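Data from model10.txt: compact mmCIF, C-alpha atoms
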```txt
# COMPACT_ATOMS: atom_id res chain seq x y z
CA MET C 1 11.72 -12.73 1.56
CA ARG C 2 9.29 -10.59 -0.38
CA CYS C 3 10.50 -7.60 -2.37
CA PHE C 4 7.97 -4.88 -1.55
CA ILE C 5 7.31 -2.03 -3.95
CA ASP C 6 5.20 1.04 -3.29
CA LEU C 7 4.11 1.95 -6.78
CA HIS C 8 2.57 5.30 -5.92
CA LEU C 9 4.25 8.15 -4.06
CA ARG C 10 3.26 11.70 -4.96
CA PRO C 11 5.43 14.13 -2.97
CA ARG C 12 4.62 17.82 -3.24
CA SER C 13 8.09 19.22 -2.57
CA ARG C 14 11.69 18.27 -3.14
CA GLY C 15 12.44 18.06 0.59
CA GLU C 16 9.44 15.80 1.13
CA LEU C 17 10.56 13.58 -1.76
CA GLU C 18 13.99 13.02 -0.19
CA ALA C 19 12.47 12.31 3.23
CA MET C 20 9.94 9.88 1.75
CA LEU C 21 12.62 7.94 -0.11
CA GLU C 22 14.63 7.56 3.11
CA LYS C 23 11.55 6.45 5.00
CA ALA C 24 10.47 3.97 2.32
CA LEU C 25 13.78 2.17 2.68
CA ARG C 26 13.49 2.07 6.49
CA LEU C 27 9.93 0.73 6.29
CA GLY C 28 11.16 -2.22 4.23
CA TYR C 29 10.39 -1.26 0.65
CA ARG C 30 12.91 -2.21 -2.03
CA GLY C 31 11.37 0.02 -4.68
CA VAL C 32 9.12 3.05 -5.00
CA ALA C 33 7.50 4.75 -7.97
CA VAL C 34 7.42 8.53 -7.80
CA ALA C 35 4.67 10.41 -9.60
CA GLY C 36 3.59 14.05 -9.52
CA SER C 37 5.40 17.25 -10.28
CA GLN C 38 8.60 16.35 -8.40
CA THR C 39 11.33 14.87 -10.57
CA MET C 40 14.34 12.86 -9.45
CA GLU C 41 16.70 15.37 -11.09
CA GLY C 42 19.49 16.14 -8.63
CA VAL C 43 18.01 13.84 -5.97
CA GLU C 44 20.14 10.90 -4.95
CA ALA C 45 18.15 7.77 -4.18
CA PRO C 46 19.18 5.99 -0.95
CA ARG C 47 21.36 2.93 -1.47
CA GLY C 48 19.25 -0.21 -1.77
CA LEU C 49 16.11 1.59 -2.96
CA ASP C 50 15.03 1.28 -6.57
CA VAL C 51 13.30 4.48 -7.72
CA ILE C 52 10.88 3.93 -10.60
CA SER C 53 9.54 6.71 -12.82
CA ARG C 54 5.77 6.99 -13.02
CA VAL C 55 3.31 9.38 -14.58
CA ASP C 56 -0.32 9.88 -13.56
CA LEU C 57 -2.50 10.91 -16.47
CA LYS C 58 -5.75 12.70 -15.62
CA PRO C 59 -7.51 13.05 -18.98
CA LYS C 60 -11.05 14.36 -19.33
CA THR C 61 -11.82 12.47 -22.53
CA ALA C 62 -10.73 9.26 -24.25
CA GLY C 63 -9.18 11.32 -27.06
CA ALA C 64 -7.10 13.33 -24.60
CA LEU C 65 -5.90 10.08 -23.03
CA LYS C 66 -4.70 8.73 -26.41
CA ALA C 67 -2.86 11.98 -27.15
CA SER C 68 -1.16 11.93 -23.72
CA LEU C 69 -0.16 8.28 -24.11
CA ARG C 70 1.55 8.99 -27.44
CA ARG C 71 3.62 11.66 -25.67
CA VAL C 72 4.61 9.91 -22.43
CA ARG C 73 4.70 6.15 -23.01
CA THR C 74 8.41 5.89 -23.79
CA LEU C 75 9.43 8.38 -21.08
CA TYR C 76 8.13 6.57 -17.97
CA VAL C 77 8.35 3.03 -16.67
CA VAL C 78 4.83 3.11 -15.23
CA VAL C 79 1.91 4.91 -16.87
CA ALA C 80 -1.17 5.24 -14.67
CA VAL C 81 -4.55 6.72 -15.51
CA GLU C 82 -6.87 8.41 -13.04
CA CYS C 83 -10.38 7.52 -14.21
CA ARG C 84 -13.03 10.18 -13.65
CA SER C 85 -15.37 9.12 -16.43
CA LYS C 86 -16.51 5.79 -17.83
CA ALA C 87 -15.25 6.69 -21.33
CA VAL C 88 -11.73 7.30 -19.99
CA ALA C 89 -11.84 4.13 -17.86
CA ARG C 90 -12.88 1.97 -20.83
CA GLN C 91 -10.24 3.49 -23.10
CA ALA C 92 -7.54 3.08 -20.43
CA ALA C 93 -8.49 -0.56 -19.84
CA ARG C 94 -8.35 -1.44 -23.52
CA ASP C 95 -5.11 0.43 -24.33
CA HIS C 96 -1.88 -1.65 -24.21
CA ARG C 97 0.13 1.43 -23.25
CA VAL C 98 -1.63 1.83 -19.89
CA ASP C 99 -0.16 -0.11 -16.95
CA VAL C 100 -2.42 0.92 -14.08
CA VAL C 101 -5.88 2.40 -13.65
CA TYR C 102 -7.26 3.84 -10.42
CA PHE C 103 -10.57 5.40 -9.43
CA PRO C 104 -10.65 8.33 -6.98
CA PRO C 105 -13.49 7.80 -4.48
CA ASP C 106 -15.07 11.19 -5.26
CA SER C 107 -15.55 10.13 -8.90
CA GLY C 108 -18.28 7.68 -7.84
CA LEU C 109 -16.88 5.13 -10.31
CA TRP C 110 -15.43 1.69 -9.75
CA PHE C 111 -13.59 -0.97 -11.71
CA ASP C 112 -16.57 -2.71 -13.28
CA ASP C 113 -16.78 -6.05 -15.07
CA ALA C 114 -16.56 -4.52 -18.57
CA GLU C 115 -13.30 -2.77 -17.68
CA ALA C 116 -11.97 -5.90 -16.00
CA ARG C 117 -12.66 -7.88 -19.17
CA LEU C 118 -10.84 -5.32 -21.34
CA ALA C 119 -7.94 -5.07 -18.87
CA SER C 120 -7.50 -8.84 -18.80
CA GLN C 121 -6.65 -8.70 -22.52
CA THR C 122 -4.16 -5.83 -22.25
CA GLY C 123 -2.34 -6.56 -18.98
CA CYS C 124 -3.56 -3.38 -17.31
CA ALA C 125 -3.71 -3.54 -13.49
CA TYR C 126 -6.24 -2.13 -11.02
CA GLU C 127 -4.75 0.00 -8.25
CA ILE C 128 -6.03 0.73 -4.74
CA ASN C 129 -4.47 3.66 -2.89
CA LEU C 130 -4.14 3.50 0.91
CA VAL C 131 -4.83 7.22 1.43
CA GLU C 132 -8.13 6.90 -0.38
CA LEU C 133 -9.02 3.75 1.56
CA LEU C 134 -8.23 5.52 4.85
CA ALA C 135 -10.38 8.49 3.82
CA LEU C 136 -13.28 6.11 3.16
CA ILE C 137 -12.77 4.48 6.57
CA ALA C 138 -12.50 7.82 8.38
CA GLY C 139 -15.65 9.07 6.66
CA ARG C 140 -17.46 5.77 7.33
CA ASP C 141 -18.23 5.70 3.61
CA THR C 142 -19.51 2.13 3.34
CA ARG C 143 -20.69 2.70 -0.21
CA GLY C 144 -17.18 3.76 -1.22
CA LEU C 145 -15.66 0.70 0.49
CA ARG C 146 -18.17 -1.49 -1.31
CA ARG C 147 -17.06 0.02 -4.65
CA VAL C 148 -13.41 -0.79 -3.87
CA ALA C 149 -14.30 -4.36 -2.85
CA GLU C 150 -16.36 -4.85 -6.02
CA GLY C 151 -13.41 -3.58 -8.07
CA VAL C 152 -11.18 -6.22 -6.48
CA TRP C 153 -13.74 -9.00 -7.04
CA ASN C 154 -14.15 -8.00 -10.71
CA ALA C 155 -10.38 -7.94 -11.16
CA TRP C 156 -10.00 -11.41 -9.61
CA ARG C 157 -12.83 -12.84 -11.67
CA ARG C 158 -11.00 -11.78 -14.86
CA ASP C 159 -7.44 -12.46 -13.67
CA VAL C 160 -6.50 -8.79 -13.65
CA PRO C 161 -3.60 -8.00 -11.29
CA VAL C 162 -4.45 -5.76 -8.34
CA ILE C 163 -1.85 -3.30 -7.02
CA LEU C 164 -1.89 -1.91 -3.51
CA SER C 165 -0.02 1.39 -3.06
CA THR C 166 0.05 4.12 -0.45
CA GLY C 167 -0.57 7.09 -2.78
CA ALA C 168 1.21 9.09 -0.06
CA SER C 169 1.98 12.77 -0.52
CA ASN C 170 3.86 13.10 2.80
CA ARG C 171 5.72 10.92 5.30
CA LEU C 172 2.79 10.51 7.69
CA GLU C 173 0.73 8.86 4.97
CA MET C 174 3.32 6.13 4.45
CA ARG C 175 2.86 2.73 6.13
CA GLU C 176 4.94 -0.43 6.44
CA PRO C 177 4.10 -3.12 3.84
CA ARG C 178 2.58 -5.63 6.27
CA GLY C 179 0.36 -2.99 7.83
CA LEU C 180 -0.75 -1.98 4.37
CA ALA C 181 -1.57 -5.59 3.50
CA SER C 182 -3.42 -6.19 6.75
CA LEU C 183 -5.76 -3.28 6.04
CA LEU C 184 -7.24 -5.29 3.16
CA THR C 185 -8.60 -7.81 5.67
CA LEU C 186 -11.39 -5.22 5.92
CA LEU C 187 -12.39 -6.16 2.38
CA ASP C 188 -12.16 -9.90 3.18
CA ILE C 189 -8.88 -10.23 1.31
CA ASP C 190 -6.43 -12.81 2.60
CA ILE C 191 -3.18 -11.38 3.99
CA GLU C 192 -1.03 -13.45 1.60
CA GLU C 193 -2.98 -12.25 -1.42
CA ALA C 194 -2.74 -8.67 -0.17
CA SER C 195 1.03 -9.08 0.21
CA GLU C 196 1.25 -10.13 -3.45
CA MET C 197 -0.43 -6.85 -4.37
CA ILE C 198 2.54 -4.93 -2.91
CA SER C 199 5.27 -7.27 -4.10
CA ILE C 200 4.78 -9.68 -7.02
CA ASN C 201 2.19 -7.68 -8.99
CA PRO C 202 4.03 -4.32 -9.10
CA ASN C 203 7.34 -6.12 -9.68
CA THR C 204 5.92 -7.84 -12.75
CA ILE C 205 4.83 -4.52 -14.26
CA VAL C 206 8.18 -2.84 -13.57
CA GLU C 207 10.26 -5.70 -14.98
CA ARG C 208 8.08 -6.02 -18.07
CA ASN C 209 8.22 -2.30 -18.84
CA ARG C 210 11.93 -1.94 -18.16
CA GLY C 211 12.47 -4.74 -20.65
CA LYS C 212 10.32 -2.93 -23.21
CA LEU C 213 12.10 0.38 -22.66
CA SER C 214 15.57 -1.14 -22.97
CA ASP C 215 17.55 -0.69 -26.20
CA ASP C 216 17.54 -4.39 -27.09
CA TYR C 217 13.72 -4.68 -27.17
CA ALA C 218 12.30 -5.19 -30.67
CA ALA C 219 8.77 -6.59 -30.22
CA PRO C 220 6.91 -8.75 -27.70
CA GLY C 221 9.06 -11.89 -27.32
CA VAL C 222 11.84 -10.54 -29.59
CA ARG C 223 15.10 -9.06 -28.32
CA ILE C 224 18.10 -7.82 -30.27
CA VAL C 225 21.05 -9.99 -29.25
CA LYS C 226 23.55 -8.83 -31.88
CA GLN C 227 23.74 -5.93 -34.30
CA GLY C 228 25.72 -5.50 -37.51
CA GLY C 229 27.95 -8.09 -39.17
CA GLU C 230 26.69 -11.48 -40.22
CA VAL C 231 24.31 -13.52 -38.16
CA ASP C 232 24.53 -17.30 -38.42
CA ALA C 233 21.19 -18.76 -39.35
CA CYS C 234 20.41 -22.11 -37.77
CA MET M 235 -4.72 -31.65 31.32
CA PRO M 236 -5.90 -28.06 31.22
CA VAL M 237 -5.36 -26.28 27.91
CA LYS M 238 -4.66 -22.58 27.67
CA THR M 239 -7.18 -21.39 25.11
CA VAL M 240 -6.52 -17.65 24.96
CA ARG M 241 -3.13 -16.78 23.55
CA ARG M 242 -1.87 -13.25 23.34
CA ARG M 243 0.27 -11.32 20.91
CA TYR M 244 2.30 -8.32 21.98
CA ILE M 245 2.85 -5.70 19.32
CA ALA M 246 5.57 -3.06 19.66
CA PHE M 247 4.81 0.07 17.69
CA LYS M 248 6.24 3.51 17.13
CA VAL M 249 4.17 6.67 16.86
CA GLU M 250 5.19 9.27 14.33
CA GLY M 251 3.81 12.62 15.43
CA GLU M 252 2.82 14.19 18.77
CA ALA M 253 0.64 12.07 21.07
CA SER M 254 0.31 11.32 24.78
CA LYS M 255 -0.29 7.86 26.29
CA ARG M 256 -3.97 8.62 26.87
CA GLU M 257 -4.43 9.84 23.29
CA VAL M 258 -2.72 6.77 21.85
CA GLU M 259 -4.86 4.44 23.97
CA GLU M 260 -8.04 6.19 22.86
CA ALA M 261 -6.92 6.21 19.23
CA ILE M 262 -6.28 2.45 19.26
CA ARG M 263 -9.59 1.57 20.90
CA GLY M 264 -11.39 4.06 18.68
CA SER M 265 -9.85 2.60 15.54
CA VAL M 266 -10.77 -0.99 16.52
CA GLU M 267 -14.33 0.07 17.33
CA ARG M 268 -14.67 2.09 14.10
CA LEU M 269 -13.47 -0.83 11.96
CA TYR M 270 -15.04 -3.81 13.74
CA GLY M 271 -17.62 -2.41 16.16
CA LEU M 272 -18.21 -3.50 19.74
CA ASN M 273 -18.06 -7.12 18.62
CA GLY M 274 -14.50 -6.58 17.38
CA LEU M 275 -13.55 -4.65 20.50
CA TRP M 276 -14.19 -7.56 22.85
CA LYS M 277 -12.72 -10.12 20.46
CA LEU M 278 -9.47 -8.24 19.83
CA GLU M 279 -9.19 -6.98 23.41
CA PRO M 280 -6.71 -4.22 22.54
CA THR M 281 -4.82 -3.26 25.70
CA LEU M 282 -2.08 -0.67 25.80
CA ILE M 283 0.55 -2.24 28.05
CA GLU M 284 2.99 0.66 28.01
CA PHE M 285 3.88 3.76 26.07
CA ASP M 286 7.13 5.68 26.34
CA GLU M 287 6.20 9.28 25.49
CA ARG M 288 9.84 10.28 25.03
CA ARG M 289 10.76 7.54 22.52
CA ARG M 290 7.15 7.29 21.31
CA VAL M 291 7.38 3.51 21.43
CA GLY M 292 4.57 1.46 22.89
CA ILE M 293 3.33 -2.09 23.33
CA VAL M 294 -0.25 -3.17 22.73
CA ARG M 295 -1.68 -6.60 23.51
CA CYS M 296 -4.32 -8.44 21.50
CA ASN M 297 -5.79 -11.90 21.03
CA HIS M 298 -3.47 -13.96 18.76
CA LEU M 299 -6.28 -15.01 16.39
CA TRP M 300 -6.94 -11.41 15.51
CA LEU M 301 -3.41 -10.17 14.88
CA PRO M 302 -3.93 -9.08 11.21
CA TRP M 303 -7.08 -7.22 12.29
CA MET M 304 -5.13 -5.49 15.05
CA ARG M 305 -2.42 -4.49 12.59
CA ALA M 306 -5.10 -3.09 10.29
CA ALA M 307 -6.57 -1.07 13.15
CA LEU M 308 -3.13 0.38 13.97
CA THR M 309 -2.52 1.18 10.29
CA ALA M 310 -5.88 2.94 10.02
CA ILE M 311 -5.00 5.51 12.69
CA THR M 312 -4.30 8.82 10.97
CA GLU M 313 -4.91 11.43 13.69
CA VAL M 314 -5.44 12.06 17.39
CA GLU M 315 -7.30 15.16 18.59
CA GLY M 316 -6.97 16.65 15.10
CA LYS M 317 -3.18 16.19 14.95
CA PRO M 318 -1.88 13.93 12.15
CA ILE M 319 -0.01 10.83 13.34
CA ALA M 320 1.03 7.45 11.97
CA LEU M 321 1.63 4.17 13.82
CA HIS M 322 4.21 1.71 12.57
CA VAL M 323 4.51 -1.85 13.87
CA LEU M 324 8.09 -2.62 14.93
CA ARG M 325 7.85 -6.21 16.16
CA VAL M 326 5.34 -8.82 17.23
CA SER M 327 5.98 -11.40 19.93
CA GLY M 328 4.16 -14.06 21.91
CA THR M 329 5.64 -12.94 25.22
CA LEU M 330 6.15 -9.53 26.71
CA ARG M 331 9.61 -10.48 27.99
CA ALA M 332 10.92 -11.45 24.55
CA LEU M 333 9.48 -8.31 23.02
CA ARG M 334 11.05 -6.05 25.65
CA ARG M 335 14.40 -7.83 25.26
CA ARG M 336 14.35 -7.22 21.52
CA LEU M 337 13.34 -3.60 21.95
CA VAL M 338 16.20 -3.05 24.40
CA LYS M 339 18.55 -4.52 21.79
CA GLY M 340 17.08 -2.04 19.33
CA GLU M 341 15.78 -4.68 16.92
CA GLY M 342 13.07 -3.24 14.69
CA LEU M 343 13.61 0.30 15.95
CA GLU M 344 15.39 1.16 12.72
CA ALA M 345 11.99 0.85 10.98
CA VAL M 346 10.96 4.42 11.75
```

Written form, structure tokens:
Amino acid sequence: MRCFIDLHLRPRSRGELEAMLEKALRLGYRGVAVAGSQTMEGVEAPRGLDVISRVDLKPKTAGALKASLRRVRTLYVVVAVECRSKAVARQAARDHRVDVVYFPPDSGLWFDDAEARLASQTGCAYEINLVELLALIAGRDTRGLRRVAEGVWNAWRRDVPVILSTGASNRLEMREPRGLASLLTLLDIDIEEASEMISINPNTIVERNRGKLSDDYAAPGVRIVKQGGEVDAC
Amino acid sequence: MPVKTVRRRYIAFKVEGEASKREVEEAIRGSVERLYGLNGLWKLEPTLIEFDERRRVGIVRCNHLWLPWMRAALTAITEVEGKPIALHVLRVSGTLRALRRRLVKGEGLEAV
């Protein structure tokens, strides 16, 4: 059985956050990442639901992005960047500290081949948000849908993981995982591949970053197994 | 020996938000037509079998080959008559009887 994760919830109030966590569990998610101004302080996560910390950076320049990354990287499990300019998108794709990039439809940008090439070297993922996809469908914005599809093709061509999230800010914007996956049939994406975008791909990012943020992490591929005293050298 | 070529799938769903049977039916057909056009409408053949306005649980029928497309159309519904709603699939079955039996047992109803 797949372990579904919604990597992007952005509740606007504390009450909404609690309701969304309850609903995520009922819809079949095993984990959710909460971004936005609402913190988990004093909120008890429902039993069986893994709540992941996430921050959405919205920098205007590449320099501002670097400064923000220095400040937040060790505080959150998932660091996402909203790309509203090509300079920010390129910087985000080439920076090892960025986990996810996404492109709001009103920015007119998409995940192009240059960014996909950079992201393939850093492990950065490309994210599609359901609420934005639904807005494109409702507005019959075929150009916007084409940009999303091209982003996915570029990501696949360069082996960049694609993440599918709801990006929900209230309960009515949340959907069950299989419904979410089926919506990508619109972009000619196979249902099994779409399911991986809500399960395996986000899981990989979360596990990798939790490992990095743990106390026994030293460097990529190196973990501290024992401290102090003498260590037997083989 | 005659072969039954058209197979159906029955999808039980729950509506979150205020909506009447007529509004739900129009929303489903509208969503299929918006996503796949007239061509999709006759291929999917979305038919609202029943809708309980009190429990807000309904059953829609479609052609079995187009089940993922039908799910996508249900997922894409965000409003009826300007009111925000969401549709969540509870269960899918090949026969109406099996689906009703499971719904009576309450299987899948915990989803919403």

Between CA of Val314 in chain M and CA of Lys23 in chain C, what is the spacing in Å?
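Separation of CA of Lys23 in chain C and CA of Val314 in chain M: 21.8 Å.
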
Kindly indicate which residue among C:Arg73, C:Arg30, C:Lys58, C:Arg158 lies nearest to Leu213 in chain C, using only C-alpha atoms for the distances.
C:Arg73

Can you check which residues of chain C have any atom within 12 Å of chain M? Use all atoms listed in the file and format it as number ranges by chain.
C: 19-20, 22-29, 130-142, 145, 166, 170-192, 194

Excluding Glu260 in chain M and its own-chain neighbours fewer than 2 positions away, which residues fall within 12 Å of it when counting all atoms listed in the file? Please give them as a ChimeraX atom specification.
/M:253-258,262-268,280-282,308,311,313-315

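If you look at CA of Ala80 in chain C and CA of Val100 in chain C, they are 4.5 Å away from each other.
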